[in-house]
Amino acid sequence: MAALPAFSADQAACHGVWMADEIASAQAAVAPTGHAALDAELPGAGWPLGALIEVLQPAPQGSVWPLLLPALARQAQQGRVALIQPPHEPFVPALVAAGVPWSQTLWIQGATPAQAAWAGEQALRCQDVAAVVAWLPRAQAADLRRLHQAAASTGALLFVLRPAHAAQAA
């Protein structure tokens with residue numbers, strides 16, 4: 001049986017892969033979370049930009065807004081915020097009060113899970129979109145990879161919300 005070729009840290013850095021022992025020193029661009037205690041725990045002290053941040057929820061109707069709104073408000077100063085397939089109609093007064101102007105917000109509903117994932121990818125490819133929050137409970141690995149690549153191409157903030165049992169998937 002042939003041995004697999006070694007993968008050096010330099011090669012990993014070229015491909016955007018963080019080695020486990022280097023994650024705390026990663027120099028990736030970040031957006032502050034708006035929560036000092038969380039920033040203190042995250043590599044780079046914030047949400048990574050140009051990466052997929054998967055938020056696993058025990059129940060799809062659970063509110064993630066308190067966690068996400070501070071970062072979304074900051075990103076809304078730089079561009080639009082796209083909400084893809086939220087489980088409930090966005091409550092505009094709450095978004096505006098948190099600093100996310102409705103004029104900077106795109107609310108996109110897909111008829112199928114595949115259309116929702118595609119809409120998220122297309123939103124990320126728009127240069128004037130600074131953040132995407134996508135509720136994709138049935139996303140496939142290929143969908144997630146395309147979303148990650150689209151976010152990496154523009155440096156946008158990307159949250160994908162999925163059910164907690166998705167943690168068992170590769």
# chains A, B, ... in the order shown; residues from 1 in each chain; ligands from 1
$ residues_around --residues "Leu42 (chain A)" --least-positions-apart "2" --cutoff "12 Å" --atoms "only C-alpha atoms" --output "ChimeraX atom specification"
/A:23-26,28,30-33,35-40,44-48,53
$ residues_around --residues "Pro70 (chain A)" --least-positions-apart "2" --cutoff "9 Å" --atoms "only C-alpha atoms" --output "ChimeraX atom specification"
/A:32-35,65-68,72-75,98-100
$ write_last_selection --atoms "N, CA and C atoms" --output "compact mmCIF listing (two decimals), in the first residue's frame"
# COMPACT_ATOMS: atom_id res chain seq x y z
N PRO A 32 -16.28 41.43 14.01
CA PRO A 32 -16.60 41.26 15.44
C PRO A 32 -18.03 40.76 15.61
N THR A 33 -18.22 39.87 16.58
CA THR A 33 -19.55 39.30 16.80
C THR A 33 -20.49 40.28 17.50
N GLY A 34 -19.92 41.26 18.20
CA GLY A 34 -20.74 42.15 19.02
C GLY A 34 -20.92 41.62 20.42
N HIS A 35 -20.30 40.50 20.72
CA HIS A 35 -20.36 39.87 22.04
C HIS A 35 -18.92 39.65 22.50
N TRP A 65 -31.37 35.62 16.29
CA TRP A 65 -31.15 37.05 16.06
C TRP A 65 -30.24 37.70 17.10
N PRO A 66 -30.42 37.42 18.40
CA PRO A 66 -29.51 38.07 19.37
C PRO A 66 -28.04 37.74 19.12
N LEU A 67 -27.77 36.55 18.62
CA LEU A 67 -26.40 36.15 18.33
C LEU A 67 -25.87 36.83 17.07
N LEU A 68 -26.69 36.95 16.04
CA LEU A 68 -26.23 37.41 14.73
C LEU A 68 -26.37 38.90 14.46
N LEU A 72 -24.40 41.51 11.81
CA LEU A 72 -25.14 41.87 10.61
C LEU A 72 -25.29 43.39 10.49
N ALA A 73 -25.52 44.05 11.62
CA ALA A 73 -25.63 45.51 11.59
C ALA A 73 -24.32 46.14 11.12
N ARG A 74 -23.21 45.62 11.57
CA ARG A 74 -21.90 46.14 11.14
C ARG A 74 -21.71 45.90 9.64
N GLN A 75 -22.07 44.72 9.17
CA GLN A 75 -21.91 44.40 7.76
C GLN A 75 -22.85 45.23 6.88
N ALA A 98 -31.94 47.19 15.52
CA ALA A 98 -30.61 46.60 15.77
C ALA A 98 -29.55 47.19 14.85
N GLY A 99 -29.96 48.03 13.89
CA GLY A 99 -28.98 48.66 13.01
C GLY A 99 -28.89 48.07 11.62
N VAL A 100 -29.85 47.23 11.25
CA VAL A 100 -29.88 46.65 9.90
C VAL A 100 -31.00 47.35 9.13
$ residues_around --residues "Ile108 (chain A)" --least-positions-apart "6" --cutoff "7 Å" --atoms "only C-alpha atoms" --output "JSON, numbers by chain"
{"A": [83, 84, 85]}
$ closest_residue --among "A:Ala111, A:Leu124, A:Val92, A:Ala166" --to "Ala152 (chain A)" --atoms "only C-alpha atoms"
A:Leu124
$ atom_distance --atom1 "CA of Pro58 (chain A)" --atom2 "CA of Ala76 (chain A)"
27.6 Å
$ select_by_dssp --residues "chain A" --states "strand (DSSP E or B)" --output "JSON, numbers by chain"
{"A": [30, 31, 47, 48, 51, 52, 53, 54, 55, 56, 57, 80, 81, 82, 83, 84, 105, 106, 107, 108, 129, 130, 131, 132, 133, 134, 135, 157, 158, 159, 160, 161, 162, 163]}
$ closest_residue --among "A:Arg138, A:Leu69, A:Gln168, A:Arg146" --to "Ala97 (chain A)" --atoms "only C-alpha atoms"
A:Leu69
$ closest_residue --among "A:Ala116, A:Ala167, A:Leu136, A:Val81" --to "Leu95 (chain A)" --atoms "only C-alpha atoms"
A:Val81
$ atom_distance --atom1 "CA of Pro90 (chain A)" --atom2 "CA of Gln127 (chain A)"
23.2 Å
$ select_by_dssp --residues "chain A" --states "alpha helix (DSSP H)" --output "VMD selection string"
chain A and resid 9 to 14 36 to 41 65 to 76 92 to 97 113 to 125 141 to 154
$ residues_around --residues "region 153-156 of chain A" --least-positions-apart "4" --cutoff "8 Å" --atoms "only C-alpha atoms" --output "ChimeraX atom specification"
/A:49-51,124-125,127,129-132,149
$ write_last_selection --atoms "N, CA and C atoms" --output "JSON list (two decimals), in the first residue's frame"
[["chain", "number", "residue", "atom", "x", "y", "z"],
["A", 49, "LEU", "N", -14.62, 36.07, 7.91],
["A", 49, "LEU", "CA", -15.19, 36.55, 6.66],
["A", 49, "LEU", "C", -14.71, 35.64, 5.53],
["A", 50, "GLY", "N", -15.55, 35.44, 4.54],
["A", 50, "GLY", "CA", -15.17, 34.60, 3.42],
["A", 50, "GLY", "C", -15.17, 33.12, 3.75],
["A", 51, "ALA", "N", -15.92, 32.74, 4.76],
["A", 51, "ALA", "CA", -15.99, 31.34, 5.19],
["A", 51, "ALA", "C", -17.45, 31.02, 5.51],
["A", 124, "LEU", "N", -24.20, 35.72, -2.57],
["A", 124, "LEU", "CA", -22.80, 35.85, -2.17],
["A", 124, "LEU", "C", -21.92, 36.33, -3.32],
["A", 125, "ARG", "N", -22.28, 36.03, -4.52],
["A", 125, "ARG", "CA", -21.48, 36.44, -5.67],
["A", 125, "ARG", "C", -21.70, 37.90, -6.05],
["A", 127, "GLN", "N", -21.31, 41.69, -5.53],
["A", 127, "GLN", "CA", -20.31, 42.51, -4.85],
["A", 127, "GLN", "C", -20.90, 43.42, -3.79],
["A", 129, "VAL", "N", -23.28, 42.62, -1.66],
["A", 129, "VAL", "CA", -23.81, 41.85, -0.54],
["A", 129, "VAL", "C", -22.66, 41.60, 0.44],
["A", 130, "ALA", "N", -22.82, 42.08, 1.66],
["A", 130, "ALA", "CA", -21.78, 41.95, 2.68],
["A", 130, "ALA", "C", -22.03, 40.78, 3.61],
["A", 131, "ALA", "N", -23.28, 40.31, 3.69],
["A", 131, "ALA", "CA", -23.60, 39.21, 4.60],
["A", 131, "ALA", "C", -24.80, 38.43, 4.08],
["A", 132, "VAL", "N", -24.77, 37.12, 4.32],
["A", 132, "VAL", "CA", -25.87, 36.23, 3.96],
["A", 132, "VAL", "C", -26.18, 35.36, 5.17],
["A", 149, "GLN", "N", -17.33, 28.50, -1.20],
["A", 149, "GLN", "CA", -16.51, 29.06, -2.27],
["A", 149, "GLN", "C", -16.98, 30.44, -2.69]]
